[in-house]
Amino acid sequence: MALVPCQVLRVAILLSYCSILCNYKAIEMPSHQTYGGSWKFLTFIDLVIQAVFFGICVLTDLSSLLTRGSGNQEQERQLKKLISLRDWMLAVLAFPVGVFVVAVFWIIYAYDREMIYPKLLDNFIPGWLNHGMSGISAATCLVSWPAQVSTDRRVKPGFPTLKARILPLNSHCSLASCCGVSSNSWHPHVCQSRTVLHRVFSG
């Protein structure tokens, strides 16, 4: 019975992510009609990753309840694979990407919000939706980390994932500086540091 509250919590979190994604996609913004659509924003990519992760968590919980006490070795083997996938996704994608995106967003927001979230966006995105998109993932990941990771301790939060998140930013800044393409005010500030980012994250 101790697992039931956790299962209900994960279902609630999954529904929350689905609600945030649906509300965000329902907003008519000019940036959604340009190249890449919503997929060029790390906050949106992070939301999709978290939604998929908690979907796997819910599926794992349901499978665990259905196979409990059945004695079917094949079902137990499939459940172990699903648990391994859940733990891998938490360690490699959900946790590092979620914490990274939230930390970078709010650090830049505190320094100069115009660099990452101009006041103009307040006319399109409600405050609650912005906080849900850029804050909930870190909280849910920090809650999930001690509860979700199974006995396989070989899977740990990976630095390569953060590297994978930085490289597209470095390429984007390179394209902007070479081609004169700049659609947001944060490009000049961030691109000044792209050489440092390249040295640190590109090896």
# chains A, B, ... in the order shown; residues from 1 in each chain; ligands from 1

call {"tool": "residues_around", "arguments": {"residues": "segment 99-115 of chain A", "least_positions_apart": "3", "cutoff": "7 Å", "atoms": "only C-alpha atoms", "output": "PyMOL selection string"}}
result
chain A and resi 42-43+95-96+118-119+134-135+138+185-186

call {"tool": "closest_residue", "arguments": {"among": "A:Val143, A:Cys18, A:Val92, A:Ile116", "to": "Val52 of chain A", "atoms": "only C-alpha atoms"}}
result
A:Cys18

call {"tool": "atom_distance", "arguments": {"atom1": "atom CA of Arg10 of chain A", "atom2": "atom CA of Leu93 of chain A"}}
result
17.3 Å

call {"tool": "residues_around", "arguments": {"residues": "Ile49 of chain A", "least_positions_apart": "4", "cutoff": "10 Å", "atoms": "only C-alpha atoms", "output": "ChimeraX atom specification"}}
result
/A:17,43-45,53-55,89-90,93-95,97-98,137

call {"tool": "write_last_selection", "arguments": {"atoms": "N, CA, C and O atoms", "output": "mmCIF file, in the first residue's frame"}}
result
data_model
loop_
_atom_site.group_PDB
_atom_site.id
_atom_site.type_symbol
_atom_site.label_atom_id
_atom_site.label_comp_id
_atom_site.auth_asym_id
_atom_site.auth_seq_id
_atom_site.Cartn_x
_atom_site.Cartn_y
_atom_site.Cartn_z
ATOM 1 N N TYR A 17 2.013 17.663 -16.787
ATOM 2 C CA TYR A 17 2.846 17.926 -17.962
ATOM 3 C C TYR A 17 2.007 17.948 -19.239
ATOM 4 O O TYR A 17 2.215 18.793 -20.113
ATOM 5 N N THR A 43 13.074 24.628 -23.314
ATOM 6 C CA THR A 43 12.021 24.433 -22.319
ATOM 7 C C THR A 43 10.948 23.483 -22.843
ATOM 8 O O THR A 43 10.450 22.628 -22.105
ATOM 9 N N PHE A 44 10.610 23.612 -24.115
ATOM 10 C CA PHE A 44 9.605 22.728 -24.707
ATOM 11 C C PHE A 44 10.150 21.311 -24.825
ATOM 12 O O PHE A 44 9.452 20.336 -24.513
ATOM 13 N N ILE A 45 11.394 21.175 -25.279
ATOM 14 C CA ILE A 45 12.010 19.847 -25.387
ATOM 15 C C ILE A 45 12.067 19.179 -24.017
ATOM 16 O O ILE A 45 11.796 17.986 -23.875
ATOM 17 N N PHE A 53 9.023 10.570 -19.788
ATOM 18 C CA PHE A 53 9.582 9.864 -18.629
ATOM 19 C C PHE A 53 8.499 9.454 -17.640
ATOM 20 O O PHE A 53 8.441 8.297 -17.197
ATOM 21 N N PHE A 54 7.620 10.392 -17.282
ATOM 22 C CA PHE A 54 6.585 10.056 -16.319
ATOM 23 C C PHE A 54 5.527 9.137 -16.929
ATOM 24 O O PHE A 54 4.849 8.399 -16.206
ATOM 25 N N GLY A 55 5.385 9.176 -18.255
ATOM 26 C CA GLY A 55 4.546 8.180 -18.909
ATOM 27 C C GLY A 55 5.102 6.784 -18.726
ATOM 28 O O GLY A 55 4.354 5.828 -18.456
ATOM 29 N N MET A 89 16.402 6.495 -18.332
ATOM 30 C CA MET A 89 15.891 7.774 -18.817
ATOM 31 C C MET A 89 15.963 8.844 -17.743
ATOM 32 O O MET A 89 16.245 10.010 -18.037
ATOM 33 N N LEU A 90 15.735 8.466 -16.494
ATOM 34 C CA LEU A 90 15.852 9.431 -15.410
ATOM 35 C C LEU A 90 17.281 9.927 -15.275
ATOM 36 O O LEU A 90 17.521 11.130 -15.147
ATOM 37 N N LEU A 93 18.501 11.458 -19.212
ATOM 38 C CA LEU A 93 17.748 12.522 -19.873
ATOM 39 C C LEU A 93 16.950 13.396 -18.896
ATOM 40 O O LEU A 93 17.205 14.591 -18.782
ATOM 41 N N ALA A 94 15.999 12.793 -18.203
ATOM 42 C CA ALA A 94 15.047 13.580 -17.414
ATOM 43 C C ALA A 94 15.722 14.419 -16.338
ATOM 44 O O ALA A 94 15.460 15.621 -16.230
ATOM 45 N N PHE A 95 16.585 13.816 -15.541
ATOM 46 C CA PHE A 95 17.202 14.544 -14.435
ATOM 47 C C PHE A 95 18.199 15.604 -14.905
ATOM 48 O O PHE A 95 18.049 16.785 -14.565
ATOM 49 N N VAL A 97 18.777 17.010 -17.910
ATOM 50 C CA VAL A 97 18.197 18.022 -18.792
ATOM 51 C C VAL A 97 17.234 18.915 -18.016
ATOM 52 O O VAL A 97 17.246 20.140 -18.170
ATOM 53 N N GLY A 98 16.409 18.300 -17.141
ATOM 54 C CA GLY A 98 15.455 19.082 -16.372
ATOM 55 C C GLY A 98 16.123 20.091 -15.464
ATOM 56 O O GLY A 98 15.751 21.278 -15.443
ATOM 57 N N SER A 137 9.914 21.025 -13.858
ATOM 58 C CA SER A 137 10.707 19.841 -14.197
ATOM 59 C C SER A 137 11.795 19.564 -13.166
ATOM 60 O O SER A 137 12.034 18.408 -12.805
#

call {"tool": "select_by_dssp", "arguments": {"residues": "segment 46-77 of chain A", "states": "alpha helix (DSSP H)", "output": "PyMOL selection string"}}
result
chain A and resi 46-67+73-77

call {"tool": "write_last_selection", "arguments": {"atoms": "N, CA, C and O atoms", "output": "compact mmCIF listing (two decimals), in the first residue's frame"}}
result
# COMPACT_ATOMS: atom_id res chain seq x y z
N ASP A 46 12.40 19.97 -23.00
CA ASP A 46 12.45 19.44 -21.64
C ASP A 46 11.08 18.94 -21.19
O ASP A 46 10.96 17.87 -20.58
N LEU A 47 10.03 19.70 -21.49
CA LEU A 47 8.68 19.27 -21.13
C LEU A 47 8.30 17.95 -21.79
O LEU A 47 7.70 17.07 -21.14
N VAL A 48 8.67 17.79 -23.05
CA VAL A 48 8.37 16.54 -23.76
C VAL A 48 9.13 15.38 -23.11
O VAL A 48 8.56 14.30 -22.89
N ILE A 49 10.40 15.60 -22.79
CA ILE A 49 11.20 14.55 -22.14
C ILE A 49 10.58 14.15 -20.81
O ILE A 49 10.46 12.96 -20.49
N GLN A 50 10.18 15.15 -20.01
CA GLN A 50 9.59 14.85 -18.70
C GLN A 50 8.26 14.11 -18.85
O GLN A 50 7.97 13.18 -18.09
N ALA A 51 7.45 14.52 -19.83
CA ALA A 51 6.17 13.85 -20.05
C ALA A 51 6.37 12.40 -20.45
O ALA A 51 5.68 11.49 -19.96
N VAL A 52 7.34 12.15 -21.34
CA VAL A 52 7.63 10.77 -21.76
C VAL A 52 8.15 9.96 -20.58
O VAL A 52 7.75 8.80 -20.37
N PHE A 53 9.02 10.57 -19.79
CA PHE A 53 9.58 9.86 -18.63
C PHE A 53 8.50 9.45 -17.64
O PHE A 53 8.44 8.30 -17.20
N PHE A 54 7.62 10.39 -17.28
CA PHE A 54 6.59 10.06 -16.32
C PHE A 54 5.53 9.14 -16.93
O PHE A 54 4.85 8.40 -16.21
N GLY A 55 5.39 9.18 -18.25
CA GLY A 55 4.55 8.18 -18.91
C GLY A 55 5.10 6.78 -18.73
O GLY A 55 4.35 5.83 -18.46
N ILE A 56 6.43 6.65 -18.84
CA ILE A 56 7.08 5.36 -18.61
C ILE A 56 6.94 4.95 -17.15
O ILE A 56 6.74 3.77 -16.84
N CYS A 57 7.04 5.94 -16.24
CA CYS A 57 6.87 5.64 -14.81
C CYS A 57 5.48 5.08 -14.53
O CYS A 57 5.33 4.09 -13.80
N VAL A 58 4.46 5.70 -15.09
CA VAL A 58 3.09 5.23 -14.88
C VAL A 58 2.90 3.84 -15.48
O VAL A 58 2.27 2.96 -14.88
N LEU A 59 3.47 3.64 -16.67
CA LEU A 59 3.39 2.32 -17.30
C LEU A 59 4.09 1.26 -16.46
O LEU A 59 3.60 0.13 -16.32
N THR A 60 5.22 1.63 -15.87
CA THR A 60 5.94 0.70 -14.99
C THR A 60 5.13 0.36 -13.76
O THR A 60 5.07 -0.80 -13.33
N ASP A 61 4.48 1.38 -13.17
CA ASP A 61 3.64 1.14 -11.99
C ASP A 61 2.49 0.20 -12.31
O ASP A 61 2.18 -0.71 -11.53
N LEU A 62 1.83 0.45 -13.45
CA LEU A 62 0.72 -0.41 -13.84
C LEU A 62 1.18 -1.84 -14.09
O LEU A 62 0.52 -2.81 -13.67
N SER A 63 2.32 -1.99 -14.77
CA SER A 63 2.86 -3.32 -15.04
C SER A 63 3.22 -4.03 -13.75
O SER A 63 3.02 -5.24 -13.60
N SER A 64 3.78 -3.26 -12.79
CA SER A 64 4.15 -3.86 -11.51
C SER A 64 2.93 -4.37 -10.75
O SER A 64 2.95 -5.45 -10.15
N LEU A 65 1.85 -3.59 -10.79
CA LEU A 65 0.62 -4.01 -10.11
C LEU A 65 0.00 -5.24 -10.78
O LEU A 65 -0.51 -6.14 -10.11
N LEU A 66 0.06 -5.28 -12.10
CA LEU A 66 -0.56 -6.38 -12.84
C LEU A 66 0.22 -7.68 -12.72
O LEU A 66 -0.36 -8.78 -12.77
N THR A 67 1.54 -7.57 -12.58
CA THR A 67 2.38 -8.77 -12.53
C THR A 67 2.68 -9.22 -11.11
O THR A 67 3.30 -10.27 -10.91
N GLN A 73 7.49 -15.70 -15.15
CA GLN A 73 8.87 -15.24 -15.29
C GLN A 73 9.04 -14.31 -16.49
O GLN A 73 9.84 -13.37 -16.45
N GLU A 74 8.32 -14.57 -17.56
CA GLU A 74 8.44 -13.72 -18.74
C GLU A 74 7.94 -12.31 -18.45
O GLU A 74 8.56 -11.33 -18.85
N GLN A 75 6.82 -12.21 -17.73
CA GLN A 75 6.30 -10.90 -17.37
C GLN A 75 7.26 -10.17 -16.42
O GLN A 75 7.45 -8.96 -16.55
N GLU A 76 7.85 -10.90 -15.51
CA GLU A 76 8.81 -10.29 -14.59
C GLU A 76 10.05 -9.81 -15.34
O GLU A 76 10.62 -8.77 -15.01
N ARG A 77 10.46 -10.57 -16.36
CA ARG A 77 11.62 -10.18 -17.15
C ARG A 77 11.33 -8.90 -17.93
O ARG A 77 12.16 -8.00 -18.02

call {"tool": "closest_residue", "arguments": {"among": "A:Val8, A:Ala26, A:Leu15, A:Ala91", "to": "Ile125 of chain A", "atoms": "only C-alpha atoms"}}
result
A:Ala26

call {"tool": "residues_around", "arguments": {"residues": "Met29 of chain A", "least_positions_apart": "4", "cutoff": "9 Å", "atoms": "only C-alpha atoms", "output": "VMD selection string"}}
result
chain A and resid 33 121 124

call {"tool": "closest_residue", "arguments": {"among": "A:Gly71, A:Gly127, A:Pro5, A:Gly36", "to": "Tyr24 of chain A", "atoms": "only C-alpha atoms"}}
result
A:Gly127
